[in-house]
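Peer 1: My structure is in protein07.cif, and what it holds is mmCIF, C-alpha atoms:
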data_start
loop_
_atom_site.label_atom_id
_atom_site.label_comp_id
_atom_site.auth_asym_id
_atom_site.auth_seq_id
_atom_site.Cartn_x
_atom_site.Cartn_y
_atom_site.Cartn_z
CA MET I 1 74.84 -100.08 -30.64
CA ARG I 2 73.64 -101.51 -27.33
CA PRO I 3 70.43 -99.89 -25.97
CA SER I 4 72.14 -99.14 -22.63
CA ARG I 5 74.91 -97.16 -24.31
CA PHE I 6 72.42 -95.38 -26.54
CA LEU I 7 70.28 -94.28 -23.58
CA GLY I 8 73.36 -93.18 -21.70
CA LEU I 9 74.42 -90.91 -24.54
CA LEU I 10 70.92 -89.45 -24.66
CA ALA I 11 70.98 -88.69 -20.96
CA VAL I 12 74.30 -86.81 -21.18
CA GLY I 13 72.83 -83.99 -23.22
CA TRP I 14 69.33 -84.09 -21.85
CA SER I 15 69.65 -81.44 -19.14
CA VAL I 16 70.96 -78.92 -21.67
CA LEU I 17 68.25 -79.81 -24.16
CA PHE I 18 65.49 -79.65 -21.57
CA THR I 19 66.48 -76.10 -20.62
CA THR I 20 66.67 -75.09 -24.27
CA PHE I 21 63.21 -76.51 -25.01
CA ALA I 22 61.74 -73.95 -22.62
CA GLN I 23 63.50 -71.08 -24.38
CA ALA I 24 63.88 -71.85 -28.09
CA GLU I 25 61.04 -71.18 -30.46
CA ILE I 26 62.03 -73.39 -33.38
CA LEU I 27 63.89 -76.69 -32.97
CA ALA I 28 64.70 -78.93 -35.91
CA MET I 29 65.79 -82.56 -36.11
CA LEU I 30 68.08 -83.58 -38.95
CA ASN I 31 69.63 -86.92 -39.75
CA TYR I 32 73.13 -86.48 -41.12
CA GLU I 33 76.04 -88.48 -42.53
CA SER I 34 79.69 -87.88 -43.29
CA LYS I 35 80.62 -86.38 -46.63
CA PRO I 36 82.42 -88.86 -48.95
CA GLU I 37 85.84 -87.30 -48.37
CA GLN I 38 85.74 -87.98 -44.63
CA THR I 39 88.00 -90.87 -43.61
CA THR I 40 85.86 -91.88 -40.60
CA ARG I 41 82.19 -92.32 -41.35
CA LYS I 42 79.60 -91.07 -38.89
CA GLU I 43 75.81 -90.85 -38.83
CA GLY I 44 73.43 -89.33 -36.35
CA LEU I 45 70.35 -87.31 -35.51
CA ALA I 46 71.09 -83.70 -34.62
CA ILE I 47 68.67 -81.33 -32.91
CA LEU I 48 69.44 -77.72 -33.84
CA ASP I 49 67.99 -74.36 -32.91
CA VAL I 50 66.95 -72.89 -36.29
CA ASP I 51 65.20 -69.79 -34.97
CA PRO I 52 67.06 -66.86 -36.59
CA LYS I 53 66.08 -64.64 -33.63
CA SER I 54 67.50 -67.02 -31.01
CA PRO I 55 70.89 -66.54 -29.33
CA ALA I 56 71.47 -70.27 -29.93
CA PHE I 57 70.70 -70.02 -33.65
CA GLY I 58 72.47 -72.76 -35.58
CA LYS I 59 73.79 -74.58 -32.53
CA ILE I 60 73.53 -78.35 -32.06
CA LEU I 61 71.62 -78.94 -28.83
CA MET I 62 71.59 -82.72 -28.95
CA ASP I 63 73.40 -85.34 -31.03
CA ILE I 64 71.92 -88.84 -31.14
CA PRO I 65 74.29 -91.41 -32.68
CA LEU I 66 73.14 -93.83 -35.36
CA PRO I 67 74.96 -96.88 -36.78
CA SER I 68 77.60 -95.64 -39.22
CA ASP I 69 76.48 -98.05 -41.95
CA LEU I 70 72.75 -97.37 -41.66
CA VAL I 71 72.59 -94.63 -44.34
CA ALA I 72 69.60 -93.02 -42.60
CA HIS I 73 67.54 -91.25 -45.22
CA HIS I 74 64.16 -89.76 -44.28
CA VAL I 75 62.39 -88.76 -41.07
CA PHE I 76 58.59 -88.98 -40.89
CA TYR I 77 56.11 -88.29 -38.10
CA ASN I 78 53.01 -90.33 -37.48
CA ARG I 79 49.69 -88.48 -37.49
CA ASP I 80 49.76 -87.29 -33.88
CA GLN I 81 53.51 -86.61 -33.97
CA SER I 82 54.12 -88.92 -31.02
CA LYS I 83 56.73 -90.92 -32.94
CA ALA I 84 59.38 -90.22 -35.56
CA TYR I 85 60.26 -92.91 -38.12
CA ILE I 86 63.71 -92.97 -39.74
CA THR I 87 64.07 -94.94 -42.96
CA ALA I 88 67.41 -96.33 -44.11
CA LEU I 89 69.05 -97.10 -47.42
CA GLY I 90 71.79 -99.36 -46.09
CA LYS I 91 69.93 -101.81 -43.85
CA SER I 92 66.49 -103.42 -43.70
CA LEU I 93 65.74 -101.59 -40.48
CA LEU I 94 63.19 -98.96 -39.56
CA HIS I 95 64.13 -96.86 -36.51
CA VAL I 96 61.27 -95.48 -34.42
CA LEU I 97 61.83 -92.64 -31.97
CA ASP I 98 59.30 -92.26 -29.13
CA LEU I 99 58.82 -88.51 -28.67
CA THR I 100 56.50 -88.80 -25.67
CA ARG I 101 59.23 -89.85 -23.21
CA PHE I 102 62.38 -88.04 -22.20
CA PRO I 103 65.09 -88.96 -22.85
CA TYR I 104 63.79 -90.14 -26.21
CA ARG I 105 63.58 -93.91 -26.63
CA MET I 106 64.54 -95.46 -29.96
CA LYS I 107 63.71 -98.94 -31.15
CA THR I 108 64.52 -100.80 -34.33
CA VAL I 109 61.95 -102.60 -36.44
CA GLU I 110 63.28 -105.31 -38.73
CA THR I 111 61.79 -105.24 -42.22
CA PRO I 112 63.01 -108.45 -43.88
CA GLY I 113 62.58 -108.42 -47.62
CA CYS I 114 62.42 -104.62 -47.68
CA GLN I 115 65.59 -103.19 -49.19
CA VAL I 116 66.40 -99.49 -49.48
CA LEU I 117 63.65 -98.08 -47.27
CA GLU I 118 62.34 -94.81 -48.67
CA ASP I 119 59.03 -93.14 -47.78
CA ILE I 120 56.44 -93.97 -45.13
CA VAL I 121 52.87 -92.63 -44.79
CA PHE I 122 50.17 -93.15 -42.19
CA SER I 123 46.46 -93.85 -42.47
CA GLN I 124 44.10 -91.12 -41.35
CA ASP I 125 43.22 -93.05 -38.18
CA ASN I 126 46.96 -93.44 -37.39
CA ARG I 127 46.61 -97.22 -37.13
CA THR I 128 48.49 -98.29 -40.25
CA TRP I 129 51.70 -97.31 -42.00
CA TYR I 130 52.81 -97.99 -45.56
CA LEU I 131 56.51 -98.15 -46.43
CA THR I 132 58.09 -98.17 -49.90
CA CYS I 133 61.05 -100.49 -50.48
CA MET I 134 62.93 -99.07 -53.45
CA GLY I 135 65.53 -101.82 -53.65
CA SER I 136 63.16 -104.79 -53.53
CA SER I 137 60.18 -103.28 -55.40
CA THR I 138 57.79 -104.01 -52.55
CA VAL I 139 55.54 -102.11 -50.16
CA VAL I 140 55.36 -103.07 -46.49
CA ILE I 141 52.18 -102.48 -44.50
CA GLY I 142 52.62 -102.18 -40.73
CA ASP I 143 50.60 -101.78 -37.54
CA ALA I 144 51.31 -98.21 -36.41
CA ALA I 145 50.43 -98.90 -32.76
CA THR I 146 52.81 -101.84 -32.28
CA ASP I 147 55.13 -101.16 -35.24
CA THR I 148 54.88 -104.75 -36.38
CA LEU I 149 54.73 -105.89 -39.98
CA VAL I 150 51.29 -106.89 -41.23
CA LYS I 151 51.74 -107.54 -44.93
CA THR I 152 54.22 -107.20 -47.78
CA VAL I 153 52.77 -106.29 -51.17
CA SER I 154 54.92 -107.70 -53.95
CA ALA I 155 54.68 -109.13 -57.46
CA PRO I 156 51.85 -111.65 -57.85
CA ALA I 157 54.13 -114.18 -59.54
CA PRO I 158 57.89 -114.85 -59.72
CA ASN I 159 59.69 -112.25 -61.86
CA ALA I 160 56.41 -110.42 -62.54
CA PRO I 161 56.65 -106.62 -62.28
CA PHE I 162 54.98 -104.89 -59.37
CA ILE I 163 56.16 -101.31 -59.08
CA SER I 164 59.73 -100.86 -60.21
CA TYR I 165 61.76 -98.98 -57.61
CA PRO I 166 58.88 -97.53 -55.56
CA HIS I 167 59.77 -94.29 -53.82
CA GLY I 168 57.06 -91.69 -53.21
CA ILE I 169 53.81 -92.76 -51.55
CA THR I 170 50.64 -90.99 -50.40
CA VAL I 171 47.34 -92.20 -48.95
CA HIS I 172 43.76 -90.93 -48.95
CA ASN I 173 41.50 -93.10 -46.81
CA GLY I 174 38.41 -91.19 -47.87
CA ILE I 175 38.68 -92.76 -51.31
CA ASP I 176 40.69 -95.82 -50.15
CA ARG I 177 43.65 -95.13 -52.42
CA LEU I 178 47.44 -95.30 -52.25
CA LEU I 179 49.57 -93.77 -55.00
CA ILE I 180 53.20 -94.83 -55.49
CA THR I 181 55.87 -93.55 -57.86
CA SER I 182 58.26 -95.67 -59.93
CA THR I 183 61.60 -93.89 -59.67
CA VAL I 184 65.14 -95.24 -60.33
CA ARG I 185 67.34 -98.21 -59.53
CA PRO I 186 68.90 -97.20 -56.20
CA SER I 187 72.36 -98.63 -56.88
CA ASP I 188 73.15 -96.26 -59.75
CA MET I 189 70.01 -94.19 -60.46
CA GLY I 190 69.59 -96.20 -63.65
CA ASP I 191 66.54 -97.75 -65.32
CA PRO I 192 64.26 -94.80 -64.49
CA GLY I 193 60.52 -95.37 -64.43
CA GLU I 194 57.75 -93.17 -65.77
CA THR I 195 54.61 -94.18 -63.91
CA VAL I 196 52.45 -93.72 -60.85
CA THR I 197 50.61 -96.80 -59.60
CA VAL I 198 47.26 -96.69 -57.81
CA LEU I 199 46.50 -99.26 -55.09
CA GLU I 200 43.45 -99.93 -52.95
CA ALA I 201 44.68 -98.82 -49.53
CA SER I 202 42.59 -101.27 -47.49
CA SER I 203 43.78 -104.37 -49.35
CA GLY I 204 47.01 -103.42 -51.14
CA LYS I 205 45.46 -104.51 -54.44
CA VAL I 206 47.03 -102.90 -57.52
CA LEU I 207 44.30 -101.11 -59.49
CA SER I 208 45.98 -99.13 -62.27
CA THR I 209 49.22 -97.62 -63.55
CA HIS I 210 49.54 -94.20 -65.21
CA LYS I 211 52.32 -92.60 -67.23
CA VAL I 212 53.41 -89.13 -66.08
CA SER I 213 55.43 -87.97 -69.07
CA LEU I 214 54.58 -86.39 -72.41
CA LYS I 215 57.62 -87.98 -74.05
CA PRO I 216 57.59 -91.32 -75.92
CA SER I 217 58.24 -94.40 -73.80
CA PRO I 218 60.64 -95.16 -72.29
CA SER I 219 60.69 -91.50 -71.26
CA LYS I 220 63.10 -92.06 -68.33
CA ALA I 221 61.11 -89.43 -66.45
CA ALA I 222 61.53 -90.86 -62.91
CA PRO I 223 58.63 -89.49 -60.85
CA VAL I 224 59.88 -89.27 -57.29
CA GLU I 225 57.43 -87.73 -54.78
CA VAL I 226 53.63 -87.76 -54.74
CA MET I 227 51.36 -86.06 -52.21
CA PHE I 228 47.65 -85.35 -51.76
CA SER I 229 46.91 -81.64 -51.70
CA HIS I 230 45.38 -80.57 -48.37
CA GLY I 231 41.59 -80.42 -48.39
CA ALA I 232 41.19 -80.62 -52.17
CA ASP I 233 37.68 -81.60 -53.32
CA PRO I 234 37.79 -83.68 -55.42
CA PRO I 235 41.12 -85.11 -54.19
CA VAL I 236 44.21 -83.99 -56.11
CA VAL I 237 47.78 -85.29 -55.95
CA HIS I 238 50.90 -83.46 -57.04
CA ILE I 239 53.89 -85.36 -58.42
CA THR I 240 57.49 -84.24 -58.92
CA VAL I 241 59.04 -85.86 -61.99
CA MET I 242 62.71 -85.82 -61.12
CA LEU I 243 64.68 -86.53 -64.29
CA GLU I 244 62.21 -84.91 -66.70
CA GLY I 245 62.02 -81.79 -64.57
CA THR I 246 58.25 -81.36 -64.44
CA LEU I 247 55.35 -81.13 -62.00
CA TRP I 248 52.16 -83.15 -62.55
CA ALA I 249 48.72 -83.24 -60.99
CA GLY I 250 46.39 -86.24 -60.66
CA VAL I 251 42.70 -85.41 -60.22
CA TRP I 252 40.21 -87.86 -58.74
CA ASN I 253 37.05 -88.51 -60.75
CA PRO I 254 34.28 -89.58 -58.32
CA SER I 255 32.03 -90.93 -61.07
CA SER I 256 34.63 -93.30 -62.53
CA ASN I 257 36.64 -93.84 -59.32
CA ASP I 258 39.98 -93.18 -60.99
CA PHE I 259 42.51 -90.42 -61.60
CA GLY I 260 43.28 -88.25 -64.60
CA PHE I 261 46.84 -86.93 -64.88
CA GLN I 262 48.22 -83.74 -66.45
CA GLN I 263 51.46 -81.79 -66.50
CA VAL I 264 51.15 -78.46 -64.67
CA ASP I 265 54.70 -77.02 -64.76
CA ASP I 266 58.08 -77.39 -66.48
CA TYR I 267 61.14 -76.39 -64.46
CA GLY I 268 63.43 -76.39 -67.48
CA VAL I 269 62.00 -73.08 -68.68
CA ARG I 270 63.39 -71.48 -65.49
CA GLY I 271 66.79 -73.19 -65.77
CA GLN I 272 66.06 -75.67 -62.98
CA GLU I 273 66.52 -79.44 -62.80
CA MET I 274 65.73 -82.30 -60.41
CA PRO I 275 62.43 -81.35 -58.74
CA LEU I 276 62.22 -83.29 -55.49
CA GLU I 277 60.13 -82.43 -52.45
CA ILE I 278 56.50 -81.29 -52.13
CA MET I 279 55.06 -79.41 -49.16
CA TYR I 280 51.92 -77.39 -48.39
CA ASN I 281 51.10 -74.76 -45.79
CA ARG I 282 48.38 -75.58 -43.26
CA LYS I 283 45.61 -73.94 -45.24
CA GLY I 284 46.72 -75.70 -48.39
CA ASP I 285 46.64 -72.57 -50.55
CA ARG I 286 50.42 -72.55 -50.97
CA LEU I 287 52.51 -75.29 -52.56
CA PHE I 288 56.30 -75.47 -52.18
CA VAL I 289 58.53 -77.58 -54.48
CA THR I 290 62.33 -77.89 -54.29
CA THR I 291 64.68 -78.37 -57.23
CA ALA I 292 68.20 -79.65 -56.54
CA LYS I 293 69.95 -78.03 -59.53
CA PRO I 294 71.13 -75.37 -58.99
CA GLY I 295 68.97 -75.27 -55.82
CA HIS I 296 65.62 -73.44 -55.54
CA VAL I 297 62.27 -73.43 -53.76
CA ASN I 298 59.34 -72.85 -56.11
CA ILE I 299 56.23 -71.32 -54.56
CA TYR I 300 52.74 -71.69 -56.03
CA ASP I 301 49.31 -70.31 -55.36
CA ASN I 302 47.49 -73.58 -54.71
CA SER I 303 43.98 -72.16 -54.36
CA ASP I 304 43.07 -74.36 -57.32
CA PRO I 305 45.12 -77.55 -56.76
CA GLN I 306 44.23 -78.84 -60.22
CA HIS I 307 46.05 -75.83 -61.71
CA PRO I 308 48.64 -74.48 -59.24
CA LYS I 309 49.86 -71.02 -60.27
CA PHE I 310 53.60 -70.41 -60.13
CA LEU I 311 54.47 -67.32 -58.09
CA THR I 312 58.23 -67.23 -57.57
CA ALA I 313 61.43 -69.25 -57.23
CA ILE I 314 63.73 -68.48 -54.31
CA PRO I 315 67.40 -69.55 -54.53
CA ALA I 316 68.59 -71.94 -51.80
CA ALA I 317 71.77 -74.00 -52.31
CA ALA I 318 72.95 -76.97 -54.35
CA GLY I 319 70.88 -80.06 -53.57
CA ALA I 320 67.83 -78.19 -52.20
CA HIS I 321 65.69 -81.06 -50.97
CA HIS I 322 63.50 -81.39 -47.88
CA LEU I 323 61.46 -78.56 -46.39
CA ALA I 324 60.09 -77.49 -43.02
CA LEU I 325 57.76 -74.56 -42.32
CA SER I 326 57.81 -72.73 -39.00
CA PRO I 327 54.61 -72.92 -36.89
CA ASP I 328 53.74 -69.30 -37.73
CA GLU I 329 54.65 -69.97 -41.40
CA GLN I 330 57.07 -67.05 -41.43
CA TYR I 331 60.18 -69.15 -42.08
CA LEU I 332 60.89 -71.91 -44.54
CA PHE I 333 63.88 -74.17 -43.82
CA VAL I 334 65.55 -75.95 -46.74
CA GLN I 335 67.93 -78.89 -46.30
CA ASN I 336 70.49 -78.77 -49.13
CA SER I 337 71.82 -82.25 -49.89
CA LEU I 338 70.83 -85.13 -52.15
CA LEU I 339 72.49 -88.49 -51.54
CA ASN I 340 76.01 -87.02 -51.36
CA LEU I 341 75.83 -86.50 -55.12
CA PRO I 342 78.44 -84.18 -56.68
CA GLY I 343 77.07 -80.69 -57.26
CA MET I 344 73.96 -81.44 -55.21
CA SER I 345 75.29 -81.70 -51.67
CA ASP I 346 76.02 -78.25 -50.31
CA GLY I 347 75.32 -79.45 -46.77
CA SER I 348 73.75 -76.24 -45.48
CA ILE I 349 70.27 -75.29 -44.30
CA THR I 350 68.80 -72.23 -46.01
CA VAL I 351 66.45 -70.06 -43.96
CA ILE I 352 63.86 -68.26 -46.09
CA ASP I 353 61.62 -65.46 -44.87
CA VAL I 354 58.36 -66.34 -46.61
CA THR I 355 56.89 -62.83 -46.24
CA LYS I 356 59.97 -61.17 -47.73
CA GLY I 357 60.33 -63.92 -50.34
CA GLU I 358 64.08 -64.23 -49.87
CA ALA I 359 66.77 -66.24 -48.09
CA ILE I 360 67.91 -64.47 -44.92
CA ALA I 361 70.44 -66.93 -43.45
CA SER I 362 72.39 -70.13 -43.99
CA ILE I 363 73.03 -72.63 -41.21
CA ASP I 364 76.41 -74.23 -41.97
CA THR I 365 76.89 -76.06 -38.66
CA LEU I 366 76.82 -79.59 -40.07
CA LYS I 367 78.46 -78.57 -43.34
CA ASP I 368 81.45 -77.06 -41.53
CA GLN I 369 81.95 -80.33 -39.63
CA GLY I 370 82.07 -82.37 -42.83
CA PHE I 371 78.50 -83.68 -42.69
CA ASN I 372 75.56 -83.63 -45.05
CA PRO I 373 72.05 -83.38 -43.58
CA ASN I 374 69.72 -85.78 -45.35
CA CYS I 375 66.36 -84.62 -44.03
CA ILE I 376 64.86 -81.91 -41.83
CA VAL I 377 61.73 -81.88 -39.67
CA LEU I 378 60.72 -79.51 -36.90
CA LEU I 379 60.17 -80.93 -33.45
CA PRO I 380 56.48 -80.87 -32.51
CA VAL I 381 55.48 -77.87 -30.42
CA GLY I 382 55.83 -78.78 -26.75
CA GLN I 383 58.36 -81.57 -27.34
#
Show me the file's structure as structure tokens.

Peer 2:
Amino acid sequence: MRPSRFLGLLAVGWSVLFTTFAQAEILAMLNYESKPEQTTRKEGLAILDVDPKSPAFGKILMDIPLPSDLVAHHVFYNRDQSKAYITALGKSLLHVLDLTRFPYRMKTVETPGCQVLEDIVFSQDNRTWYLTCMGSSTVVIGDAATDTLVKTVSAPAPNAPFISYPHGITVHNGIDRLLITSTVRPSDMGDPGETVTVLEASSGKVLSTHKVSLKPSPSKAAPVEVMFSHGADPPVVHITVMLEGTLWAGVWNPSSNDFGFQQVDDYGVRGQEMPLEIMYNRKGDRLFVTTAKPGHVNIYDNSDPQHPKFLTAIPAAAGAHHLALSPDEQYLFVQNSLLNLPGMSDGSITVIDVTKGEAIASIDTLKDQGFNPNCIVLLPVGQ
């Protein structure tokens, strides 16, 4: 799509959106795609009012078109939430949305050699980003100010393994470490991995690899997401192990400068499968984990990140995946769709009242139009 046409489409809906910004309390941005049965494929970024108390609840306030063959996947903010980054499964392109200017400006960043773009994280100083390339088993390091590629971390020799199918990634600059999961072959979810790899963040040097399964190898566990728990001392990461259906913790040992890993929960005992996303509240004393089958949000007391205590599981819908927490932490928004997979792509957004501990509404706006949302983030306050 030509930039001039793109900006023109943005301007059409801007006056409506600008007025709504002043009134709505909770605005969400979701990237969406057509469901498989649709004859004409469409992708886009939709901005919805998700405030259950708003008269515009569930309405699309702005629709930003994306290339129909992009297969936009995740949306990530940089540290100061001045830019949104959209990864893609279908093209070696990273889309960057400038949130400081209205109408929003979007640019594309070519990432040659990076296939099936998955997760992106940002250094604490907001100067560097790290992007996992699930299809090419590489990690791209970029300059977060200019959004230019700095380095590609790949196998040290031809045909030598690096990290098979890297997906989840998290960074802790205080200990100079990146952790990356080895998940599944993106073409068919085959050849699942079972490890988390530790890199030196400043250099990209691979330091160690750790198995996150209690089963004999090859366990086909497929760890998918990994995230540092907020404010944990010593640092602790949590890992969702997708195909094995477990939650793991990795605890930093300051004396040996490495991690020790342990299983901390098993979703199978509660009849759940496919744990996916990890999220914390601001204080870090609550941990939220989604499971796609049949679709739940698991809530933990995370006062001791090394041993999170399960509190409750709240039903969402099939494919429960990404999460967003309202600024006052009263509402939890769950995007219910995983890769258009059968039985895991409801297409709705579940609204959970965290205080009540129950779902109070379902936003079916995109679902009713034949679309699946692939990710949800809340617009920064004031944007």

Peer 1: May I ask which of the residues I:Arg127, I:Lys83, I:Arg286, I:Lys42 is the closest one to Asp98 of chain I, counting all atoms listed in the file?

Peer 2: I:Lys83

Peer 1: Which residues are close to segment 333-344 of chain I, i.e. within 6 Å by all atoms listed in the file, leaving aside same-chain residues fewer than 5 positions away? Reply as a PyMOL selection string.

Peer 2: chain I and resi 317-324+349-351

Peer 1: Leaving out segment 65-75 of chain I and any residue of its chain fewer than 4 positions from it, which residues lie within 7 Å of it when counting all atoms listed in the file, given as a PDB file with C-alpha atoms, keeping the file's coordinate frame?

Peer 2:
ATOM      1  CA  MET I   1      74.840-100.080 -30.640  1.00  0.00           C
ATOM      2  CA  ASN I  31      69.630 -86.920 -39.750  1.00  0.00           C
ATOM      3  CA  ARG I  41      82.190 -92.320 -41.350  1.00  0.00           C
ATOM      4  CA  LYS I  42      79.600 -91.070 -38.890  1.00  0.00           C
ATOM      5  CA  GLU I  43      75.810 -90.850 -38.830  1.00  0.00           C
ATOM      6  CA  GLY I  44      73.430 -89.330 -36.350  1.00  0.00           C
ATOM      7  CA  LEU I  45      70.350 -87.310 -35.510  1.00  0.00           C
ATOM      8  CA  ALA I  84      59.380 -90.220 -35.560  1.00  0.00           C
ATOM      9  CA  TYR I  85      60.260 -92.910 -38.120  1.00  0.00           C
ATOM     10  CA  ILE I  86      63.710 -92.970 -39.740  1.00  0.00           C
ATOM     11  CA  THR I  87      64.070 -94.940 -42.960  1.00  0.00           C
ATOM     12  CA  ALA I  88      67.410 -96.330 -44.110  1.00  0.00           C
ATOM     13  CA  LEU I  89      69.050 -97.100 -47.420  1.00  0.00           C
ATOM     14  CA  GLY I  90      71.790 -99.360 -46.090  1.00  0.00           C
ATOM     15  CA  LYS I  91      69.930-101.810 -43.850  1.00  0.00           C
ATOM     16  CA  GLU I 118      62.340 -94.810 -48.670  1.00  0.00           C
ATOM     17  CA  ASN I 374      69.720 -85.780 -45.350  1.00  0.00           C
ATOM     18  CA  CYS I 375      66.360 -84.620 -44.030  1.00  0.00           C
TER      19      CYS I 375
END

Peer 1: Here's the selection I'm unsure about, the PyMOL selection byres ((chain I and resi 300-315) around 9); applied to the file above, which residues does it give, as a PyMOL selection string?

Peer 2: chain I and resi 229-230+232+235-238+249-251+262+264-265+270+280+284-289+294-299+316-317+320+352+357-359

Peer 1: Find, counting all atoms listed in the file, the residue in I:Gln115, I:Ser54, I:Ser255, I:Thr181 that gets nearest to Met134 of chain I.

Peer 2: I:Gln115

Peer 1: Would you mind completing segment 279-291 of chain I so that it carries N, CA and C atoms, and writing it out as a CSV table (one decimal), in the coordinates of the input?

Peer 2:
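Everything below was put into selection_11.csv:
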chain,number,residue,atom,x,y,z
I,279,MET,N,55.6,-79.8,-50.5
I,279,MET,CA,55.1,-79.4,-49.2
I,279,MET,C,54.0,-78.4,-49.3
I,280,TYR,N,53.0,-78.4,-48.4
I,280,TYR,CA,51.9,-77.4,-48.4
I,280,TYR,C,51.9,-76.6,-47.1
I,281,ASN,N,51.4,-75.4,-47.1
I,281,ASN,CA,51.1,-74.8,-45.8
I,281,ASN,C,49.8,-75.4,-45.2
I,282,ARG,N,49.5,-75.0,-43.9
I,282,ARG,CA,48.4,-75.6,-43.3
I,282,ARG,C,47.1,-75.4,-44.0
I,283,LYS,N,46.9,-74.2,-44.5
I,283,LYS,CA,45.6,-73.9,-45.2
I,283,LYS,C,45.5,-74.7,-46.6
I,284,GLY,N,46.7,-75.0,-47.1
I,284,GLY,CA,46.7,-75.7,-48.4
I,284,GLY,C,46.7,-74.8,-49.6
I,285,ASP,N,46.7,-73.5,-49.4
I,285,ASP,CA,46.6,-72.6,-50.6
I,285,ASP,C,48.0,-72.2,-51.1
I,286,ARG,N,49.1,-72.7,-50.5
I,286,ARG,CA,50.4,-72.6,-51.0
I,286,ARG,C,51.1,-73.9,-51.1
I,287,LEU,N,51.8,-74.1,-52.2
I,287,LEU,CA,52.5,-75.3,-52.6
I,287,LEU,C,54.0,-74.9,-52.7
I,288,PHE,N,54.9,-75.7,-52.1
I,288,PHE,CA,56.3,-75.5,-52.2
I,288,PHE,C,57.0,-76.7,-52.8
I,289,VAL,N,57.8,-76.5,-53.8
I,289,VAL,CA,58.5,-77.6,-54.5
I,289,VAL,C,60.0,-77.2,-54.6
I,290,THR,N,60.9,-78.1,-54.2
I,290,THR,CA,62.3,-77.9,-54.3
I,290,THR,C,62.9,-78.5,-55.6
I,291,THR,N,63.9,-77.8,-56.1
I,291,THR,CA,64.7,-78.4,-57.2
I,291,THR,C,66.1,-78.4,-56.8
